[in-house]
Each structure stands twice: as structure tokens, then as C-alpha cells.
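Asks: Quick one: the structure is below, questions incoming.
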Amino acid sequence: MPRANDAVEAALLEYADLLSILTEDPHRPRSYEKAARAVGGYPADIADFDVKRLQAIPNVGSSIAGKIHEFLQSGAIGALEELRAQIPPGVRALTAIPGLGPKRAMVLYEQLGVASVDELLAAVNEGRLAEVKGFGKKTADNILRSIEQMGSAERRVLVNVALDVAEDLLGELNELKEVRRATYAGSLRRMAETIGDIDLLVASAKPGPVMDRFVSLPIVDRVIAHGDAKSSVLTKGGLQVDLRVIAKEAWGAGLMYFTGSKAHNIRLREMAIREGLRLNEYGLFRVKSGKLIVAETEEEVYARLGLPFIPPTLREDRGEIEAALAGELPKVLEQKDVRGDLHTHTNLTDGLAPLEEMLEAAAGMKYSYYAVTDHAPQLFMQRMTDEKMLAQRDRLKALQATYPTMTLLHGSELNIDPEGGVDWPEEFLAGFDVLVASVHTQFNMSKDEMTRRIVRAMENPYVNILGHPTARLIGKRPPIEFDLDEVFRAAARTGTALEVNGFPDRLDLKDEHILWARRHGVKFAVDTDSHASPHLPHMRFGVATAQRGWLSKDDVINAWPLAKLRRFLDKGRPAAR
Ligand code: DGT
Ligand code: CA
Ligand code: CA
Ligand code: ZN
């Protein structure tokens with residue numbers, strides 16, 4: 001049974017939400033929100049509380065206590081129902097659009113009768129927004145962009161979120177004696193940047209108990225389908241999970257089929273057909289006799305089709321089959337090839353962990369070098385100063401003795417200003433081992449200006465790595481626009497590495513851009529941009545993204561030995577170190 005506290009918290013939060021749409025006064029919604037949090041975090045179950053005991057909960061005054069009590073008695077709050085009646089549900093969806101917000105959503109509802117996202121789209125397209133005061137062309141464009149983004153990100157989750165859920169579920173399923181093998185397939189195994197649903201595979205001769213357990217796991221909110229071959233559930237987090245049980249003998253064929261991508265599978269099936277074979281999730285068969293040829297491992301199936309094993313991260317029909325046939329499949333970067341992380345933060349700026357904790361975690365990753373790159377002063381919130389930076393450098397030097405097998409590098413993440421300049425004069429920059437430079441402000445310049453800005457930063461002999469080059473935040477902020485070819489050419493020419501930022505909401509550069517940049521002869525740095533010690537293992541998402549961009553360890557500067565890395569970092573700086 002869920003605690004009454006949670007239901008009360010949800011009701012009070014909704015009340016606060018609706019209040020903030022309907023009133024000008026920000027204090028009332030805030031007080032309901034604070035009360036909601038206090039109830040949610042209150043240790044005792046409040047189901048049997050009277051008004052007096054409710055008032056003893058922090059942030060709960062007499063009026064709120066009354067409403068909570070009403071809810072506990074009747075399961076509803078009259079005042080909440082009244083607010084709900086004033087705002088159609090469609091309008092509440094509008095308030096969630098970034099750049100619109102509650103107040104302006106209400107204005108549109110009252111003046112244009114717009115009561116859903118679809119109606120808003122229609123109003124924008126018909127130019128009706130211009131009739132409303134304060135809604136210019138720019139606002140209309142922003143709204144369109146936000147809606148597009150919301151649509152494309154709809155119901156897909158970041159890869160790390162899906163991976164956590166999948167690993168949890170596999171842990172549970174692996175406890176069953178009926179389970180011979182268990183793994184995840186689909187877009188998650190291909191490590192796509194967002195995941196629509198999780199596809200789990202289990203090898204078992206007894207699907208019944210496996211499926212029964214699966215649909216009754218605590219994380220399950222709703223069962224969509226429950227069968228012997230396939231079951232589907234919706235988790236409490238709203239993520240769909242499909243589980244398929246297959247025979248151990250057909251594990252390889254099943255894994256291939258359900259890993260996809262669909263486009264990759266279609267190409268394989270066509271190859272099979274040309275040889276008089278049929279490929280499906282049960283195996284590779286001879287068409288005429290129906291005789292099974294291979295099914296047990298992926299390697300065998302690929303081999304019988306005349307192909308080497310193709311890593312899941314490459315299975316997107318982006319030329320991997322042609323390359324494999326020609327014997328030119330790249331040997332892609334692996335986690336074990338990565339020798340260090342070149343973009344990390346500490347609590348000297350916006351990180352959570354002190355330097356010592358980050359270094360301990362880095363040592364745990366078995367790195368042979370590790371760079372600390374806290375933010376430079378132009379990002380004003382961070383309050384960086386020359387003195388703080390130099391003091392950190394001294395501490396790093398002192399700590400080096402603790403890590404005999406890991407070379408500590410001192411760096412910084414510089415801010416690229418609108419003209420392409422960066423923080424600090426050359427003399428100061430010369431003191432660092434490695435410098436990342438990133439766009440953190442003014443994302444909306446014209447494409448030409450943005451291209452010039454970035455190229456100029458890369459021409460700076462002290463800038464080694466262009467950090468998160470497109471500055472996108474998946475589902476939140478679109479990429480900045482610049483001339484990709486020009487920037488990639490400049491990166492190759494100036495000896496500036498492009499970052500493959502492995503933080504799950506960035507994955508920047510993304511796979512397609514990496515593939516493109518690689519053809520220009522660009523080098524890459526696969527980093528985590530860690531802001532806390534548990535972020536360091538995000539390297540796996542950086543590595544997966546690098547794989548999806550076909551990078552091998554020769555392309556990746558932090559897979560190189562330190563001496564070679566140092567030569568790259570020197571970048572023809574005026575004064576040799
Ligand atoms: P997602 O879930 O949108 O992130 O992407 P996927 O690739 O995981 O797609 P999903 O879950 O629909 O299916 C998982 C894999 O199963 C897919 O990559 C290929 C295979 N598959 C599923 N349905 C079909 C189908 O109708 N035809 C073919 N050829 N393959 C399919
Ligand atoms: Ca899927
Ligand atoms: Ca699926
Ligand atoms: Zn950054």
C-alpha cells in the first residue's frame with residue numbers, strides 16, 4: 001500500500017500548480033508546494049491524523065491542514081476540484097511548453113480559446129498569435145520550436161535511465177532458476193541516444209514462471225500483455241518494457257533479431273534470401289528444405305552470411321554491412337582502450353565532490369592520466385579567480401605522490417565568448433596541461449557568426465578540445481547552429497580535438513556528426529564532463545557514442561599513451577613546455 005503521504009503530496013502539488021496559473025501572488029503556490037514536500041518527506045504515515053496532528057508537520061498551517069484532513073476523510077479536496085474546473089486539461093499541457101509558461105498559456109486560452117497543443121499549433125500556423133498583445137513573430141517561432149522538441153522527445157528516455165531500469169530488472173530475473181540467460185536487446189543494446197522502450201530477452205525452457213514473476217515485479221505499474229512468448233509492462237516511471245522468452249538453442253538468432261536495428265535486419269534478410277536462405281528470430285534456415293542451419297550464437301549467424309561479428313552499436317545500416325563485406329569494418333574504441341578523462345569538474349566550481357574524492361574515483365577507473373578542468377572565470381556564477389586556480393594546481397601537484405600510476409593533469413574549461421575569445425591571457429593559459437573550450441552563453445547567434453566564433457576559438461594555440469561542440473541538451477535545448485564542414489575542417493587543421501561528451505543528456509558530438517567529422521581527419525576526446533564522482537562511469541556512454549560514430553582508438557586522443565597525448569596538446573604553442 002502506498003502511504004497516504006504520497007497521495008496528499010501529489011494533491012497539494014497539483015493545487016500549487018493550478019494556483020500559480022490562476023493567481024498573480026507567487027507566495028500562495030509556494031506555501032502549498034512547501035507543505036506538499038514536507039508531507040511527502042514526513043516519516044510517519046498521516047492516514048489517521050487529525051487536524052491538530054497535521055498542523056504539527058512543518059510548513060502545514062491551519063488552512064492547509066484542513067484541506068489535508070478533508071482529503072484523508074473523503075479522498076478529494078473541494079477547493080482543488082474548483083480550480084480544476086477553471087482550467088481545461090489541454091491548457092495545463094500548454095503551461096508545460098518551455099517559453100510559454102502558465103501566465104501566457106492562460107492569456108492564449110482566454111483570448112483565442114486555445115485549449116490544447118494541437119490548437120496552439122493551428123493558431124501559430126494561421127498567424128492568429130499576432131492578434132494577442134505580447135506575442136510577436138519571435139515568440140511564435142520559439143513556441144513552434146519547443147513543441148517540435150517536446151514531440152520528438154515524447155515518451156523516450158535518456159539511455160542511462162533505461163539502462164538502470166534494465167539492469168535492475170535483469171538482476172531480478174536472473175534470480176529465477178528457470179532463467180538460463182538474460183540480457184537487454186533493442187535500441188538499448190545499440191546504445192542509441194534515447195530509448196523508446198526496453199526489450200529484454202530471456203532464454204528458458206519454462207516461460208510461465210518467468211513471465212509471472214516479470215509482470216508482478218514492484219516496479220511494474222500496469223501490465224499491457226502477459227503471454228508465454230512475450231509480455232509487456234509499463235513501469236511506474238512510465239517506461240514500457242517488453243520481455244521475450246526464447247529457446248536457448250535460438251539465442252543468437254533471437255538476440256540479433258531483437259537488437260535490430262530494423263534497417264540492419266532487413267539488409268541481413270535480403271542477403272540471406274539471395275543465398276536461398278531465410279533469416280528470422282528462430283534462426284537461419286534453408287528455404288527449400290526448411291532445415292535449420294545456425295541459430296545459437298550471433299557470431300555463427302553472421303559468419304554463415306559471410307560477415308564478421310558486427311558490434312551492436314554499429315547496426316544502423318550506415319554502411320556497416322558494406323564495410324564488413326570489404327573487410328573494412330573499423331575496430332571500434334572500447335572502454336578498456338580509454339586511458340583517461342580530459343573533462344571533469346570539482347566543487348571548486350559547480351561540481352559536487354572535492355578534488356580528493358574525484359581523484360579516488362578516477363583511480364578506481366584504472367586511468368593512467370586524469371585531467372581536472374574546472375570552469376574559467378567568465379562563467380560568472382562560478383566565481384573562479386586566478387588565485388583559486390593556482391591553489392588547485394598546487395594541491396594537484398601535492399596529491400600526485402598519492403597516485404604513482406595516474407598522471408594528474410591540470411586544466412580548465414574555458415568559455416568561448418561571442419567573438420571567439422576565451423578567458424585569461426596567454427601567459428596564464430600557458431600554465432595548464434590541457435584546455436577545453438566550450439560555448440556556454442549566447443546560443444542564438446547566426447550560423448555564420450557562430451561558425452566564425454568557434455573556428456576562432458580553435459585557432460587559439462592553447463585550446464585543445466572543443467567541449468560539447470553543439471551545446472545541445474537532449475529534450476531540453478536544441479543544438480547551436482554552425483557550418484559543420486567548416487568547423488570540422490578547422491578542427492583537423494588546427495589540431496583541436498572535438499569532444500564526444502558522454503554525459504547522458506549531452507552525447508555531443510552525436511554519432512552522425514562524429515561519422516562526418518571523422519572523414520575530415522578530426523581527432524576526438526571522449527570525456528564525461530563529470531560533476532560528481534558517480535559520473536565518471538558515464539564514460540561508457542561516451543565510448544558507445546564514439547562506437548556509433550565508428551571511432552577507433554587511433555582517432556581518440558585519450559586512448560593514446562601520455563607522451564603522444566602531450567605532443568598533441570602542445571599544438572604548436574609558442575613556448576614549448
Ligand atoms: P526504440 O524502442 O524505439 O528505442 O527502438 P528499438 O530499435 O528498440 O525498436 P523496438 O523496440 O520497436 O524493436 C526492437 C527490435 O526488434 C528492433 O530494433 C528490431 C526488432 N523488430 C521489432 N519488430 C520488428 C519488425 O516488425 N520487423 C523487423 N524486421 N524487426 C523488428
Ligand atoms: Ca525498444
Ligand atoms: Ca520493443
Ligand atoms: Zn561545459
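Residue numbers start at 1 in each chain; chains themselves are named A, B, ... in the order of the C-alpha cells; ligands are numbered from 1 in the order shown.
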How would you write, as number ranges by chain, the set of residues no farther than 9 Å from ligand 4 when counting only C-alpha atoms and all ligand atoms?
Replies: A: 343, 375, 413-415, 436-440, 467-468, 471, 529
Asks: Do you know which residues are within 10 Å of ligand 1 using only C-alpha atoms and all ligand atoms? Can you write them as a PyMOL selection string?
Replies: chain A and resi 155-157+159+162+184-200+240-242+254-269+280-281+315-316
Asks: Using only C-alpha atoms and all ligand atoms, pick whichever of A:Leu18, A:Ala44, A:Leu201, A:Leu13 has the shortest atom-to-atom distance to ligand 2.
Replies: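 Once distances to ligand 2 are computed over only C-alpha atoms and all ligand atoms, the minimum belongs to A:Leu201.
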Asks: Mind checking which residues fall within 8 Å of range 391-403 of chain A, counting only C-alpha atoms, ignoring those fewer than 5 positions away in the same chain, and posting them as a PyMOL selection string?
Replies: chain A and resi 363+408+410
Asks: Those residues you just picked out, can you put them in a file as a PDB file, in the first residue's frame with N, CA and C atoms?
Replies:
ATOM      1  N   ALA A 363      41.007   6.966  -9.947  1.00  0.00           N
ATOM      2  CA  ALA A 363      41.921   5.836  -9.747  1.00  0.00           C
ATOM      3  C   ALA A 363      41.150   4.525  -9.851  1.00  0.00           C
ATOM      4  N   LEU A 408      48.382  13.259 -13.026  1.00  0.00           N
ATOM      5  CA  LEU A 408      47.327  14.252 -12.834  1.00  0.00           C
ATOM      6  C   LEU A 408      47.605  15.463 -13.710  1.00  0.00           C
ATOM      7  N   HIS A 410      46.501  19.309 -15.021  1.00  0.00           N
ATOM      8  CA  HIS A 410      45.701  20.457 -14.597  1.00  0.00           C
ATOM      9  C   HIS A 410      45.172  21.190 -15.817  1.00  0.00           C
TER      10      HIS A 410
END
Asks: From the list A:Ala525, A:Leu239, A:Pro377, A:Gly364, which residue is nearest ligand 2 when using only C-alpha atoms and all ligand atoms?
Replies: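 For ligand 2, the nearest of the given residues is A:Leu239.
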Asks: So which residues touch range 220-232 of chain A within 7 Å, counting only C-alpha atoms, skipping near sequence neighbours fewer than 4 positions away, as a list in words?
Replies: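 In the requested format, the answer is Pro207, Gly208, Met211, Val215, Ser216, Lys236, Gln240, Val241, Asp242, Leu243, Arg244 and Val245 of chain A.
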Asks: I need the chosen residues saved as a short mmCIF file (atom, residue, chain, number, x, y, z; two decimals), in the first residue's frame, with all heavy atoms.
Replies:
data_model
loop_
_atom_site.label_atom_id
_atom_site.label_comp_id
_atom_site.auth_asym_id
_atom_site.auth_seq_id
_atom_site.Cartn_x
_atom_site.Cartn_y
_atom_site.Cartn_z
N PRO A 207 8.80 -20.72 -19.74
CA PRO A 207 8.45 -19.30 -19.73
C PRO A 207 7.44 -18.92 -18.65
O PRO A 207 7.48 -17.81 -18.14
CB PRO A 207 7.84 -19.06 -21.12
CG PRO A 207 8.02 -20.31 -21.89
CD PRO A 207 8.38 -21.41 -20.96
N GLY A 208 6.54 -19.82 -18.29
CA GLY A 208 5.44 -19.49 -17.37
C GLY A 208 5.89 -18.75 -16.12
O GLY A 208 5.49 -17.60 -15.91
N MET A 211 7.54 -15.27 -16.80
CA MET A 211 6.59 -14.21 -17.13
C MET A 211 5.77 -13.80 -15.91
O MET A 211 5.51 -12.62 -15.69
CB MET A 211 5.66 -14.68 -18.26
CG MET A 211 6.37 -14.84 -19.60
SD MET A 211 7.20 -13.31 -20.11
CE MET A 211 7.53 -13.67 -21.84
N VAL A 215 5.73 -9.81 -14.58
CA VAL A 215 4.59 -8.89 -14.51
C VAL A 215 4.22 -8.52 -13.08
O VAL A 215 3.42 -7.61 -12.87
CB VAL A 215 3.34 -9.45 -15.24
CG1 VAL A 215 3.64 -9.70 -16.71
CG2 VAL A 215 2.84 -10.72 -14.56
N SER A 216 4.82 -9.22 -12.10
CA SER A 216 4.46 -8.87 -10.71
C SER A 216 5.61 -8.19 -9.97
O SER A 216 5.55 -8.03 -8.75
CB SER A 216 4.00 -10.12 -9.97
OG SER A 216 5.01 -11.10 -10.02
N LYS A 236 6.52 2.18 -13.22
CA LYS A 236 5.98 3.34 -12.51
C LYS A 236 6.53 4.63 -13.08
O LYS A 236 5.92 5.68 -12.98
CB LYS A 236 6.29 3.22 -11.02
CG LYS A 236 5.46 2.11 -10.41
CD LYS A 236 5.60 2.01 -8.91
CE LYS A 236 4.63 0.97 -8.39
NZ LYS A 236 5.18 0.13 -7.32
N GLN A 240 7.94 1.63 -21.07
CA GLN A 240 7.48 0.30 -21.46
C GLN A 240 8.64 -0.68 -21.50
O GLN A 240 9.74 -0.35 -21.96
CB GLN A 240 6.78 0.33 -22.82
CG GLN A 240 6.24 -1.04 -23.20
CD GLN A 240 5.40 -1.03 -24.46
OE1 GLN A 240 4.70 -0.06 -24.74
NE2 GLN A 240 5.46 -2.12 -25.22
N VAL A 241 8.40 -1.89 -20.99
CA VAL A 241 9.40 -2.95 -21.08
C VAL A 241 8.75 -4.18 -21.70
O VAL A 241 7.71 -4.64 -21.24
CB VAL A 241 9.95 -3.33 -19.68
CG1 VAL A 241 11.11 -4.32 -19.83
CG2 VAL A 241 10.41 -2.10 -18.91
N ASP A 242 9.38 -4.69 -22.77
CA ASP A 242 8.92 -5.92 -23.42
C ASP A 242 9.87 -7.04 -23.00
O ASP A 242 11.08 -6.88 -23.09
CB ASP A 242 9.00 -5.81 -24.96
CG ASP A 242 8.09 -4.72 -25.51
OD1 ASP A 242 7.17 -4.31 -24.79
OD2 ASP A 242 8.33 -4.30 -26.66
N LEU A 243 9.31 -8.15 -22.57
CA LEU A 243 10.15 -9.32 -22.28
C LEU A 243 9.76 -10.45 -23.22
O LEU A 243 8.58 -10.78 -23.35
CB LEU A 243 9.97 -9.77 -20.83
CG LEU A 243 10.62 -11.12 -20.47
CD1 LEU A 243 12.15 -11.07 -20.62
CD2 LEU A 243 10.26 -11.54 -19.05
N ARG A 244 10.77 -11.01 -23.87
CA ARG A 244 10.52 -12.17 -24.71
C ARG A 244 11.30 -13.35 -24.19
O ARG A 244 12.49 -13.22 -23.84
CB ARG A 244 10.91 -11.89 -26.16
CG ARG A 244 10.00 -10.84 -26.81
CD ARG A 244 10.56 -10.40 -28.13
NE ARG A 244 9.65 -9.46 -28.80
CZ ARG A 244 9.77 -8.13 -28.71
NH1 ARG A 244 10.72 -7.58 -27.97
NH2 ARG A 244 8.93 -7.35 -29.36
N VAL A 245 10.65 -14.49 -24.12
CA VAL A 245 11.35 -15.71 -23.71
C VAL A 245 11.58 -16.55 -24.95
O VAL A 245 10.65 -16.81 -25.72
CB VAL A 245 10.55 -16.48 -22.65
CG1 VAL A 245 11.23 -17.82 -22.36
CG2 VAL A 245 10.43 -15.66 -21.37
#
Asks: I need the residues of range 15-238 of chain A that end up classed as helix (DSSP H, G or I) by DSSP on the backbone, written out as JSON, numbers by chain.
Replies: {"A": [15, 16, 17, 18, 19, 20, 21, 22, 27, 28, 29, 30, 31, 32, 33, 34, 35, 36, 37, 38, 39, 40, 51, 52, 53, 54, 55, 62, 63, 64, 65, 66, 67, 68, 69, 70, 71, 72, 73, 74, 78, 79, 80, 81, 82, 83, 84, 85, 86, 89, 90, 91, 92, 93, 94, 95, 101, 102, 103, 104, 105, 106, 107, 108, 109, 110, 111, 112, 117, 118, 119, 120, 121, 122, 123, 124, 125, 128, 129, 130, 131, 137, 138, 139, 140, 141, 142, 143, 144, 145, 146, 147, 148, 149, 150, 151, 152, 159, 160, 161, 162, 163, 164, 165, 166, 167, 168, 169, 170, 171, 172, 173, 174, 186, 187, 188, 189, 207, 208, 209, 210, 211, 212, 213, 214, 215]}
Asks: Quick one: of A:Val233, A:Val500, A:Leu509, A:Leu169, who's nearest to ligand 3, counting only C-alpha atoms and all ligand atoms?
Replies: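 Closest to ligand 3, using only C-alpha atoms and all ligand atoms: A:Val233.
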Asks: Looking at A:Val287, A:Ala559, A:Leu355, A:Val132, which one is nearest to Val332 in chain A, with distances taken over only C-alpha atoms?
Replies: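 Smallest separation from Val332 in chain A among the options: A:Ala559.
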Asks: Thr451 in chain A: which residues within 9 Å, counting only C-alpha atoms, same-chain residues fewer than 3 positions away excluded, as a PyMOL selection string?
Replies: chain A and resi 446-448+454-456+481-484+486-487
Asks: Atoms to include: N, CA and C atoms. Write the selected residues as a PDB file, in the first residue's frame.
Replies:
ATOM      1  N   SER A 446      23.732  33.989 -35.405  1.00  0.00           N
ATOM      2  CA  SER A 446      23.503  33.480 -36.762  1.00  0.00           C
ATOM      3  C   SER A 446      24.521  32.380 -37.048  1.00  0.00           C
ATOM      4  N   LYS A 447      24.191  31.550 -38.021  1.00  0.00           N
ATOM      5  CA  LYS A 447      25.046  30.419 -38.343  1.00  0.00           C
ATOM      6  C   LYS A 447      26.472  30.881 -38.709  1.00  0.00           C
ATOM      7  N   ASP A 448      26.564  31.925 -39.509  1.00  0.00           N
ATOM      8  CA  ASP A 448      27.885  32.423 -39.922  1.00  0.00           C
ATOM      9  C   ASP A 448      28.686  32.935 -38.736  1.00  0.00           C
ATOM     10  N   ILE A 454      33.464  29.834 -33.343  1.00  0.00           N
ATOM     11  CA  ILE A 454      34.060  28.550 -32.939  1.00  0.00           C
ATOM     12  C   ILE A 454      35.397  28.316 -33.632  1.00  0.00           C
ATOM     13  N   VAL A 455      35.462  28.651 -34.914  1.00  0.00           N
ATOM     14  CA  VAL A 455      36.728  28.461 -35.637  1.00  0.00           C
ATOM     15  C   VAL A 455      37.817  29.316 -34.990  1.00  0.00           C
ATOM     16  N   ARG A 456      37.454  30.537 -34.613  1.00  0.00           N
ATOM     17  CA  ARG A 456      38.458  31.406 -34.000  1.00  0.00           C
ATOM     18  C   ARG A 456      38.958  30.824 -32.680  1.00  0.00           C
ATOM     19  N   GLU A 481      23.718  26.289 -34.019  1.00  0.00           N
ATOM     20  CA  GLU A 481      23.901  26.046 -35.456  1.00  0.00           C
ATOM     21  C   GLU A 481      25.201  26.650 -35.942  1.00  0.00           C
ATOM     22  N   PHE A 482      25.993  25.819 -36.615  1.00  0.00           N
ATOM     23  CA  PHE A 482      27.195  26.326 -37.289  1.00  0.00           C
ATOM     24  C   PHE A 482      27.456  25.462 -38.508  1.00  0.00           C
ATOM     25  N   ASP A 483      28.362  25.909 -39.354  1.00  0.00           N
ATOM     26  CA  ASP A 483      28.696  25.172 -40.572  1.00  0.00           C
ATOM     27  C   ASP A 483      29.574  23.987 -40.180  1.00  0.00           C
ATOM     28  N   LEU A 484      28.986  22.809 -40.206  1.00  0.00           N
ATOM     29  CA  LEU A 484      29.688  21.622 -39.701  1.00  0.00           C
ATOM     30  C   LEU A 484      30.982  21.387 -40.473  1.00  0.00           C
ATOM     31  N   GLU A 486      32.873  23.380 -42.111  1.00  0.00           N
ATOM     32  CA  GLU A 486      33.908  24.368 -41.851  1.00  0.00           C
ATOM     33  C   GLU A 486      34.549  24.145 -40.481  1.00  0.00           C
ATOM     34  N   VAL A 487      33.715  23.857 -39.499  1.00  0.00           N
ATOM     35  CA  VAL A 487      34.239  23.622 -38.156  1.00  0.00           C
ATOM     36  C   VAL A 487      35.084  22.341 -38.123  1.00  0.00           C
TER      37      VAL A 487
END
Asks: Considering only C-alpha atoms, return as a list in words whatever protein or nucleic-acid residues lie within 6 Å of Lys523 in chain A, sequence-local ones (same chain, fewer than 2 positions apart) excluded.
Replies: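 Counting only the stated atoms, we get Ala497, Asp555 and Val556 of chain A.
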Asks: If we count only C-alpha atoms and set the cut-off at 10 Å, which residues sit around Glu275 in chain A, ignoring sequence neighbours fewer than 5 positions away in its own chain? Please answer as JSON, numbers by chain.
Replies: {"A": [270, 286, 287, 305]}
Asks: Restricting it to C-alpha atoms, dump the selection as a JSON list (two decimals), in the first residue's frame.
Replies:
[["chain", "number", "residue", "atom", "x", "y", "z"],
["A", 270, "GLU", "CA", 18.00, -9.73, -48.12],
["A", 286, "ARG", "CA", 17.36, -23.29, -45.92],
["A", 287, "VAL", "CA", 14.27, -22.16, -47.82],
["A", 305, "LEU", "CA", 26.10, -14.87, -44.09]]
Asks: Taking the backbone alone, and naming residues the way the document does, which bits of range 316-515 of chain A are strand (DSSP E or B) by DSSP, as an MDAnalysis selection string?
Replies: chainID A and resid 332 340:341 344 369:375 407:415 434:438 465:466 473 477 497:501 508
